[in-house]
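Data first, discussion second: the structure below is written as structure tokens.
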Amino acid sequence: MENLTIIHHPLIQHKISILRDKRTGTNEFRSLIEEIAMLMGYEALRDLPLEDVPVETPIEACMTPMISGKKLAVVPILRAGLGMVNGILALVPSAKVGHIGLYRDEVTHEPHEYYCKLPSPIELRTILVTDPMLATGGSAVAAVDFIKQHGGRNIKFMSIIAAPEGIERLQKAHPDIHIYLGHLDRCLNQDAYICPGLGDAGDRIFGTR
């Protein structure tokens, strides 16, 4: 699939395995989410635009590349997507951060929006949407819908684990965006949880149930 990149780096795979372990506590889980996001971000942001700018080194003046334009917007899907933001900001501290709040109906598993705030001008930025888990794909599709409605165009989606059902749904609804993934899991169960998965990422990041 041309618009899907699964990042098979050994460090990412190792850290995902620790995430899966039900014995991994909140503090370690939160730190691992950030670390994985940073490692994945290195790949997802490899095509950020550059422009040459003048710099004085201790030896001489030169032209050297720096990120150009309005740069990057990180847009986590609340609440679990928040856990990935600091990992991206460690790479690009100048990035602006938006937020999209969605909750999933426990019966239909469909997303409902309760908050959307995006950096302006969003249409001039590379937009990286983050959510640790891509399960049914409903929240991801809705989030990208909202961003496009506000004028966003250059959109990437980054998730740590995903089910095939979520990938298929997101690609069908938004074939123009690129998806970056840490691991593609087997399937969804009858409760729409990823198998083998890692449980509820939001609960494990924030220590709630």
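Labels for the structure tokens follow display order: chains A, B, ..., residues from 1 in each chain, ligands from 1.
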Give me, as a list in words, all polymer residues having an atom no more than 7 Å from Ile67 of chain A, counting only C-alpha atoms and skipping those fewer than 3 positions away in the same chain.
Leu48, Pro49, Leu50, Glu51 and Lys71 of chain A
Can you write out as JSON lines which residues of segment 56-126 of chain A fall within 10 Å of segment 131-140 of chain A, alongside each residue's closest atom pair and its distance in Å to one decimal, counting only C-alpha atoms and ordering rows by chain and ascending residue number?
{"residue": "A:Val75", "atom": "CA", "partner": "A:Asp131", "partner_atom": "CA", "distance": 9.1}
{"residue": "A:Pro76", "atom": "CA", "partner": "A:Asp131", "partner_atom": "CA", "distance": 6.2}
{"residue": "A:Ile77", "atom": "CA", "partner": "A:Asp131", "partner_atom": "CA", "distance": 5.7}
{"residue": "A:Leu78", "atom": "CA", "partner": "A:Asp131", "partner_atom": "CA", "distance": 8.0}
{"residue": "A:Arg79", "atom": "CA", "partner": "A:Asp131", "partner_atom": "CA", "distance": 8.5}
{"residue": "A:Ala80", "atom": "CA", "partner": "A:Asp131", "partner_atom": "CA", "distance": 6.2}
{"residue": "A:Gly81", "atom": "CA", "partner": "A:Asp131", "partner_atom": "CA", "distance": 4.1}
{"residue": "A:Leu82", "atom": "CA", "partner": "A:Asp131", "partner_atom": "CA", "distance": 7.8}
{"residue": "A:Gly83", "atom": "CA", "partner": "A:Pro132", "partner_atom": "CA", "distance": 8.0}
{"residue": "A:Met84", "atom": "CA", "partner": "A:Pro132", "partner_atom": "CA", "distance": 7.3}
{"residue": "A:Val85", "atom": "CA", "partner": "A:Asp131", "partner_atom": "CA", "distance": 9.6}
{"residue": "A:Ile100", "atom": "CA", "partner": "A:Ser139", "partner_atom": "CA", "distance": 9.7}
{"residue": "A:Gly101", "atom": "CA", "partner": "A:Ser139", "partner_atom": "CA", "distance": 9.4}
{"residue": "A:Leu102", "atom": "CA", "partner": "A:Ser139", "partner_atom": "CA", "distance": 6.8}
{"residue": "A:Tyr103", "atom": "CA", "partner": "A:Ser139", "partner_atom": "CA", "distance": 8.1}
{"residue": "A:Arg104", "atom": "CA", "partner": "A:Ser139", "partner_atom": "CA", "distance": 7.7}
{"residue": "A:His109", "atom": "CA", "partner": "A:Thr136", "partner_atom": "CA", "distance": 7.9}
{"residue": "A:Glu110", "atom": "CA", "partner": "A:Gly138", "partner_atom": "CA", "distance": 5.9}
{"residue": "A:Pro111", "atom": "CA", "partner": "A:Ser139", "partner_atom": "CA", "distance": 5.3}
{"residue": "A:His112", "atom": "CA", "partner": "A:Ser139", "partner_atom": "CA", "distance": 8.1}
{"residue": "A:Glu113", "atom": "CA", "partner": "A:Ser139", "partner_atom": "CA", "distance": 8.9}
Would you pick out the contacts of Glu43 of chain A at 10 Å or less, using only C-alpha atoms, so that residues sharing its chain but fewer than 5 positions from it are not included, and give the list as number ranges by chain?
A: 5, 7, 38, 180
Neighbour list for Asp185 of chain A as a PyMOL selection string, cut-off 9 Å, only C-alpha atoms, skip fewer than 2 positions in-chain:
chain A and resi 161-164+183+187-188+194-197
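Between atom CA of Glu34 of chain A and atom CA of Gly69 of chain A there is a distance of 25.9 Å.
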Name all residues at most 9 Å from Val144 of chain A (count only C-alpha atoms; drop same-chain ones fewer than 5 positions away) and give them as a PDB file with N, CA, C and O atoms, in the first residue's frame.
ATOM      1  N   VAL A 129      -1.499  14.000  12.611  1.00  0.00           N
ATOM      2  CA  VAL A 129      -2.556  13.574  13.527  1.00  0.00           C
ATOM      3  C   VAL A 129      -2.051  12.355  14.297  1.00  0.00           C
ATOM      4  O   VAL A 129      -1.536  11.405  13.700  1.00  0.00           O
ATOM      5  N   SER A 139     -12.757   7.209  14.542  1.00  0.00           N
ATOM      6  CA  SER A 139     -12.216   8.463  15.086  1.00  0.00           C
ATOM      7  C   SER A 139     -11.206   9.087  14.134  1.00  0.00           C
ATOM      8  O   SER A 139     -11.175  10.306  13.962  1.00  0.00           O
ATOM      9  N   GLN A 149     -12.191  20.083   6.689  1.00  0.00           N
ATOM     10  CA  GLN A 149     -13.245  21.103   6.700  1.00  0.00           C
ATOM     11  C   GLN A 149     -12.706  22.463   7.116  1.00  0.00           C
ATOM     12  O   GLN A 149     -13.227  23.505   6.692  1.00  0.00           O
ATOM     13  N   GLY A 152      -7.237  22.180   6.163  1.00  0.00           N
ATOM     14  CA  GLY A 152      -5.994  21.402   6.168  1.00  0.00           C
ATOM     15  C   GLY A 152      -5.869  20.544   4.928  1.00  0.00           C
ATOM     16  O   GLY A 152      -6.850  19.944   4.481  1.00  0.00           O
ATOM     17  N   ILE A 155      -1.829  16.246   5.237  1.00  0.00           N
ATOM     18  CA  ILE A 155      -2.148  15.542   6.483  1.00  0.00           C
ATOM     19  C   ILE A 155      -1.466  14.182   6.505  1.00  0.00           C
ATOM     20  O   ILE A 155      -1.499  13.430   5.527  1.00  0.00           O
ATOM     21  N   PHE A 157      -1.100  10.676   9.259  1.00  0.00           N
ATOM     22  CA  PHE A 157      -1.697  10.052  10.429  1.00  0.00           C
ATOM     23  C   PHE A 157      -0.687   9.089  11.027  1.00  0.00           C
ATOM     24  O   PHE A 157      -0.111   8.264  10.315  1.00  0.00           O
ATOM     25  N   HIS A 174      -9.988   8.455   3.116  1.00  0.00           N
ATOM     26  CA  HIS A 174      -9.002   9.501   2.841  1.00  0.00           C
ATOM     27  C   HIS A 174      -7.771   8.899   2.167  1.00  0.00           C
ATOM     28  O   HIS A 174      -6.703   8.767   2.778  1.00  0.00           O
ATOM     29  N   ILE A 177      -4.049  10.711   2.312  1.00  0.00           N
ATOM     30  CA  ILE A 177      -3.164  10.924   3.459  1.00  0.00           C
ATOM     31  C   ILE A 177      -2.240   9.725   3.637  1.00  0.00           C
ATOM     32  O   ILE A 177      -2.577   8.599   3.258  1.00  0.00           O
TER      33      ILE A 177
END
For the alpha helix (DSSP H) assignment from backbone DSSP, which residues of segment 64-127 of chain A qualify? Please present them as a ChimeraX atom specification.
/A:85-91
Quick one: residues within 12 Å of Thr24 of chain A, only C-alpha atoms counted, chain neighbours fewer than 6 positions away excluded, as a VMD selection string?
chain A and resid 15 to 18 30 to 33 198 to 199 201 204 to 205 207
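Interatomic distance, atom CA of Arg186 of chain A against atom CA of Asn154 of chain A: 29.3 Å.
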For the structure I just gave you, how does DSSP split segment 24-199 of chain A - specifically, which residues are strand (DSSP E)? Reply as an MDAnalysis selection string.
chainID A and resid 50:56 61:67 72:78 96:97 99:104 111:117 126:130 133:134 154:162 178:184 187:188 194:195
How far is it from atom CA of Leu118 of chain A to atom CA of Ile147 of chain A, in Å with one decimal?
7.9 Å
Residues at most 10 Å from Val55 of chain A, counting only C-alpha atoms, excluding those fewer than 5 positions away in the same chain, as a ChimeraX atom specification?
/A:60-65
Output of the above residues as a PDB file, in the first residue's frame, restricted to C-alpha atoms:
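Ended up saving to again13.pdb:
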ATOM      1  CA  GLU A  60      32.820  31.512   8.178  1.00  0.00           C
ATOM      2  CA  ALA A  61      29.398  32.509   6.859  1.00  0.00           C
ATOM      3  CA  CYS A  62      27.413  29.862   5.013  1.00  0.00           C
ATOM      4  CA  MET A  63      23.985  28.954   3.721  1.00  0.00           C
ATOM      5  CA  THR A  64      22.530  25.968   5.551  1.00  0.00           C
ATOM      6  CA  PRO A  65      19.096  24.218   5.497  1.00  0.00           C
TER       7      PRO A  65
END
